[in-house]
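Report on the following structure.
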Amino acid sequence: MSKSIFSYAAAARSVREYAASLRPARPESVPLLDSLDRTLAAPIVADRDQPPFARSTRDGFAVRSEDLDLLAPLTLVGRVRAGEAWSGPPLASGQAIEIMTGAPVPTGADCVLMVENVVTGASNIIPTRTLAPGDNIVPAAAEARAAATLIPPGTHIGPQHIALAAACGYATLSVFPRPRVAILSTGDELVPIHSQPLPFQIRNSNSYSLAAQITRYGGVPILRPAVPDSLDASEAAIRAALDCDLLILSGGVSMGKYDFVEQALANLNAKFSFTGARIQPGRPVVFGQLPLSISRQLPFFGLPGNPVSTLVTFTLFAAPLLAALAGETSLGPHFALARLQQPVDAKPNLTRFLPAHLESSIGGATIQLTPWQGSGDQSAAAKTNCFLVVPEGAALAAGDIVTALQL
């Protein structure tokens, strides 16, 4: 069969365009805390104005800003705490009410003087600075009006979203189901992880690496038995794994005599979007769809079997498509900028993703390459938290601001 080898940009665009055509499954309702790292299916709306009252942002004294102009003493007439409302008359000229952070601002006051900016007496305070109207107050409805959409569908739910949902009274959230992703690792050399491998065998670590990535990106991994290196076994394994939302195959996509994945897919009438990408590592990556019915296709990826290649190609291509299946609107992959600590030579016709470690501080981020022995080096992969992106034909110098692929 002919090969369709794309640049990284073209391969990524092909996946994005297909992902844009996908529709997630019917939503389900889950308890609020169970929604963490799920994708929101229905908007979270404000059940009332946010905040529902003018709120003090400081511990101090509710006052009238015009009373501060002379920095003259103000008479203390009471106190209001968070969780209670001022029950006295509106604040009059020359008066002050002690107030705590988060408490409703009494009627008549238009600013809050911080406790650090007063000299406190037995029954009065002496301000030491002036304020403008509105200082240290969040007005009622300044954050949102009642019935306003606060979080739109398609949002990947994090702790900050759960906090806002709780503030609006949501005990449950409508989320999209987690896509089911079947994992097929191929190779006669693979044995289960609990087995003692012979000198010519290796444990099937890729299935577990992929399962971890699938879980992180919102899917449910389905680990299938390792597939022997034969065309019949490959076809049978693929047929047995069609009851899923996404199929991931690892290994068997290179040009070797015993690489049968592409042929097995072709025999099952697969439509290939591309059969390789000009990237390092991961050049043999395959993407396409298997016809299941007139109206339904099963997307699949054939990823290279070397562990670092598997990690990179899943992050670049499979993770964004999985995010789309899960209902997310922000698909990734996710990149960051950092200052390079060492030079990197140019290499023509390949976009490279080199194992690296990114360190962040308040002064910025730096990135350092991780020494590695090629795409089979799992020890090097375990020391990385990102991959340095080296564009086609580009040489990078120490001190350059570069792009990192985030894991």
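Chain identifiers are assigned as A, B, and so on, following the order in which chains appear in the structure tokens; residues are numbered from 1 within each chain, and ligands are numbered from 1 in order of appearance.
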
Distance query Asn349 in chain A at most 9 Å, only C-alpha atoms, self and fewer than 2 positions along chain excluded, as a ChimeraX atom specification
/A:7,278-279,347,351,391-393

Where does DSSP see alpha helix (DSSP H) in range 29-245 of chain A, if you list the residues as a ChimeraX atom specification?
/A:159-167,205-216,231-239

Take the residues just selected and output them with C-alpha atoms as a PDB file, in the first residue's frame.
ATOM      1  CA  PRO A 159     -11.014  22.605  41.257  1.00  0.00           C
ATOM      2  CA  GLN A 160     -11.770  26.248  40.421  1.00  0.00           C
ATOM      3  CA  HIS A 161     -14.868  25.211  38.463  1.00  0.00           C
ATOM      4  CA  ILE A 162     -16.058  22.939  41.262  1.00  0.00           C
ATOM      5  CA  ALA A 163     -15.713  25.829  43.718  1.00  0.00           C
ATOM      6  CA  LEU A 164     -17.845  28.108  41.535  1.00  0.00           C
ATOM      7  CA  ALA A 165     -20.441  25.382  40.934  1.00  0.00           C
ATOM      8  CA  ALA A 166     -20.681  24.806  44.678  1.00  0.00           C
ATOM      9  CA  ALA A 167     -21.146  28.540  45.248  1.00  0.00           C
ATOM     10  CA  SER A 205       4.917  -1.555  29.328  1.00  0.00           C
ATOM     11  CA  ASN A 206       3.396   0.396  26.425  1.00  0.00           C
ATOM     12  CA  SER A 207      -0.119  -0.753  27.252  1.00  0.00           C
ATOM     13  CA  TYR A 208       0.270   0.711  30.730  1.00  0.00           C
ATOM     14  CA  SER A 209       1.844   3.924  29.489  1.00  0.00           C
ATOM     15  CA  LEU A 210      -1.036   4.385  27.076  1.00  0.00           C
ATOM     16  CA  ALA A 211      -3.611   3.485  29.730  1.00  0.00           C
ATOM     17  CA  ALA A 212      -2.158   6.160  32.005  1.00  0.00           C
ATOM     18  CA  GLN A 213      -2.260   8.789  29.256  1.00  0.00           C
ATOM     19  CA  ILE A 214      -5.801   7.818  28.272  1.00  0.00           C
ATOM     20  CA  THR A 215      -6.917   8.178  31.894  1.00  0.00           C
ATOM     21  CA  ARG A 216      -5.187  11.548  32.228  1.00  0.00           C
ATOM     22  CA  LEU A 231      -1.487 -10.701   9.793  1.00  0.00           C
ATOM     23  CA  ASP A 232      -4.258 -13.042  10.925  1.00  0.00           C
ATOM     24  CA  ALA A 233      -3.655 -12.289  14.603  1.00  0.00           C
ATOM     25  CA  SER A 234      -3.621  -8.561  13.912  1.00  0.00           C
ATOM     26  CA  GLU A 235      -6.900  -8.678  12.008  1.00  0.00           C
ATOM     27  CA  ALA A 236      -8.561 -10.838  14.658  1.00  0.00           C
ATOM     28  CA  ALA A 237      -7.387  -8.547  17.482  1.00  0.00           C
ATOM     29  CA  ILE A 238      -8.698  -5.450  15.714  1.00  0.00           C
ATOM     30  CA  ARG A 239     -12.069  -7.103  15.035  1.00  0.00           C
TER      31      ARG A 239
END

Got a sec: who's within 8 Å of range 110-120 of chain A, counting only C-alpha atoms, leaving out chain neighbours fewer than 5 positions off, as a PyMOL selection string?
chain A and resi 56+58-65+125-129+131-137

For each of A:Ile44, A:Gly187, A:Asn269, A:Ile367, take the minimum atom-to-atom distance to Gln297 in chain A, counting only C-alpha atoms, then give the residue where this is smallest.
A:Asn269

Which one is closest to Leu184 in chain A: A:Leu292, A:Ala82, A:Gly276, A:Gly305? Count only C-alpha atoms.
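Counting only C-alpha atoms, the residue closest to Leu184 in chain A is A:Gly305.
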
Quick one: residues within 6 Å of Leu32 in chain A, only C-alpha atoms counted, chain neighbours fewer than 2 positions away excluded, as number ranges by chain?
A: 34-35, 171-173

Would you export the selected residues with N, CA and C atoms as a compact mmCIF listing (two decimals), in the first residue's frame, please?
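As written to disk, again.txt reads:
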# COMPACT_ATOMS: atom_id res chain seq x y z
N ASP A 34 -17.34 14.14 41.80
CA ASP A 34 -17.01 13.15 40.78
C ASP A 34 -16.81 13.78 39.41
N SER A 35 -17.12 15.05 39.29
CA SER A 35 -16.97 15.72 38.00
C SER A 35 -15.55 16.20 37.73
N ALA A 171 -25.17 20.53 43.29
CA ALA A 171 -24.75 19.29 43.96
C ALA A 171 -24.34 18.24 42.95
N THR A 172 -24.82 18.37 41.71
CA THR A 172 -24.46 17.47 40.62
C THR A 172 -24.15 18.32 39.39
N LEU A 173 -23.40 17.74 38.46
CA LEU A 173 -23.12 18.41 37.20
C LEU A 173 -23.40 17.46 36.04

Restricting the calculation to only C-alpha atoms: of A:Pro320, A:Pro73, A:Pro106, A:Pro291, which residue gets closest to Pro89 in chain A?
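With only C-alpha atoms as the atom set, the closest residue is A:Pro106.
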
What's around Asp37 in chain A at 7 Å? Count only C-alpha atoms, leave out sequence neighbours fewer than 5 positions away in its own chain, and write the answer as a list in words.
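Near neighbours after the sequence-gap exclusion: His156, Ile157, Gly158 and Gly218 of chain A.
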
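When only C-alpha atoms are used to measure the gap to Ser14 in chain A, the shortest distance among A:Val390, A:Val191, A:Ala277, A:Ala365 belongs to A:Ala277.
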
Write out as a PyMOL selection string all residues of range 67-295 of chain A that backbone DSSP assigns to strand (DSSP E or B).
chain A and resi 74-80+95-99+104+111-114+118-120+124-127+137-138+144+149-151+156+172-175+180-186+190-191+202-203+220-223+227+246-250+271-274+276-277+279-280+286-291

Just write the chosen residues, C-alpha atoms, as a compact mmCIF listing (two decimals), in the first residue's frame.
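out25.txt was written with the following content:
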# COMPACT_ATOMS: atom_id res chain seq x y z
CA LEU A 74 -15.21 59.36 63.02
CA THR A 75 -17.61 57.95 65.60
CA LEU A 76 -17.84 54.14 65.76
CA VAL A 77 -21.50 53.10 65.74
CA GLY A 78 -21.24 49.31 65.46
CA ARG A 79 -19.76 46.26 63.84
CA VAL A 80 -20.76 43.91 60.98
CA GLN A 95 -19.77 57.81 61.45
CA ALA A 96 -17.90 54.54 60.85
CA ILE A 97 -18.88 50.87 61.18
CA GLU A 98 -16.27 48.23 61.86
CA ILE A 99 -16.46 45.60 59.09
CA PRO A 104 -22.07 43.19 53.39
CA CYS A 111 -15.74 52.62 50.75
CA VAL A 112 -13.86 50.55 53.33
CA LEU A 113 -10.91 52.00 55.18
CA MET A 114 -8.39 49.29 56.02
CA VAL A 118 -6.61 54.22 61.14
CA VAL A 119 -5.72 55.15 64.68
CA THR A 120 -8.32 53.48 66.91
CA ASN A 124 -13.88 56.56 67.45
CA ILE A 125 -11.26 56.16 64.74
CA ILE A 126 -8.93 58.67 63.16
CA PRO A 127 -8.29 57.95 59.46
CA ILE A 137 -15.68 47.12 47.90
CA VAL A 138 -16.90 44.63 45.28
CA ALA A 144 -22.08 38.05 37.41
CA THR A 149 -23.50 31.64 32.16
CA LEU A 150 -20.43 31.30 34.36
CA ILE A 151 -18.81 28.18 32.86
CA HIS A 156 -12.43 20.56 31.39
CA THR A 172 -24.46 17.47 40.62
CA LEU A 173 -23.12 18.41 37.20
CA SER A 174 -23.99 17.27 33.70
CA VAL A 175 -20.85 15.85 32.09
CA ARG A 180 -13.70 4.04 25.90
CA VAL A 181 -10.29 3.51 24.31
CA ALA A 182 -9.07 0.05 23.33
CA ILE A 183 -5.31 -0.57 23.53
CA LEU A 184 -3.63 -3.17 21.32
CA SER A 185 0.11 -3.60 21.75
CA THR A 186 1.75 -5.79 19.13
CA LEU A 190 5.89 -8.86 24.63
CA VAL A 191 5.02 -10.68 27.85
CA ILE A 202 10.29 -7.50 27.19
CA ARG A 203 7.34 -6.68 29.42
CA VAL A 220 -11.41 4.84 29.98
CA PRO A 221 -8.56 2.51 28.91
CA ILE A 222 -9.42 -1.03 27.83
CA LEU A 223 -6.28 -3.14 27.87
CA VAL A 227 -1.01 -9.26 19.67
CA LEU A 246 -11.14 5.06 19.86
CA LEU A 247 -8.65 2.34 18.94
CA ILE A 248 -4.96 2.71 19.79
CA LEU A 249 -2.45 0.24 18.35
CA SER A 250 1.16 0.27 19.49
CA LYS A 271 -9.50 4.86 5.46
CA PHE A 272 -6.02 6.27 6.15
CA SER A 273 -5.65 9.99 6.74
CA PHE A 274 -1.86 9.65 6.93
CA GLY A 276 3.59 8.71 8.63
CA ALA A 277 4.73 12.11 9.85
CA ILE A 279 8.76 13.91 13.18
CA GLN A 280 11.38 12.45 15.49
CA VAL A 286 -0.71 6.18 11.43
CA PHE A 287 -4.14 7.79 11.67
CA GLY A 288 -7.45 6.83 10.07
CA GLN A 289 -10.94 5.46 10.50
CA LEU A 290 -12.50 2.00 10.30
CA PRO A 291 -16.03 1.78 8.88

Nearest residue to Pro27 in chain A out of A:Lys3, A:Arg13, A:Arg178, A:Arg55, using only C-alpha atoms?
A:Arg178

Have a look at CA of Gly83 in chain A and CA of Ala109 in chain A and let me know their distance in Å, one decimal.
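Between these atoms lies a distance of 18.1 Å.
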
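Minimum distance to Val312 in chain A across A:Phe53, A:Tyr170, A:Trp372, A:Phe387 (counting only C-alpha atoms) occurs at A:Phe387.
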
Applying 6 Å and only C-alpha atoms, which residues near range 341-345 of chain A remain after dropping the ones on its own chain fewer than 4 positions away? List them as an mmCIF file with C-alpha atoms, in the first residue's frame.
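Final file, result32.cif:
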data_model
loop_
_atom_site.group_PDB
_atom_site.id
_atom_site.type_symbol
_atom_site.label_atom_id
_atom_site.label_comp_id
_atom_site.auth_asym_id
_atom_site.auth_seq_id
_atom_site.Cartn_x
_atom_site.Cartn_y
_atom_site.Cartn_z
ATOM 1 C CA GLN A 368 17.322 21.509 29.594
ATOM 2 C CA ALA A 395 19.295 25.269 14.865
ATOM 3 C CA LEU A 396 18.684 26.520 18.403
ATOM 4 C CA ALA A 397 21.142 28.504 20.503
ATOM 5 C CA ALA A 398 21.549 28.623 24.248
#

Hey, what's within 8 Å of Arg23 in chain A if we count only C-alpha atoms and toss same-chain stuff fewer than 3 positions away? As a list in words, please?
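Surrounding residues, per the criterion: Ala324, Leu325 and Gly327 of chain A.
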
Give me a file of those residues, with N, CA and C atoms, as a PDB file, in the first residue's frame.
ATOM      1  N   ALA A 324     -11.642  15.662  22.138  1.00  0.00           N
ATOM      2  CA  ALA A 324     -12.842  15.956  21.365  1.00  0.00           C
ATOM      3  C   ALA A 324     -13.938  14.931  21.638  1.00  0.00           C
ATOM      4  N   LEU A 325     -13.566  13.651  21.710  1.00  0.00           N
ATOM      5  CA  LEU A 325     -14.539  12.608  22.023  1.00  0.00           C
ATOM      6  C   LEU A 325     -15.149  12.818  23.408  1.00  0.00           C
ATOM      7  N   GLY A 327     -15.768  15.676  24.659  1.00  0.00           N
ATOM      8  CA  GLY A 327     -16.606  16.868  24.647  1.00  0.00           C
ATOM      9  C   GLY A 327     -15.884  18.166  24.906  1.00  0.00           C
TER      10      GLY A 327
END
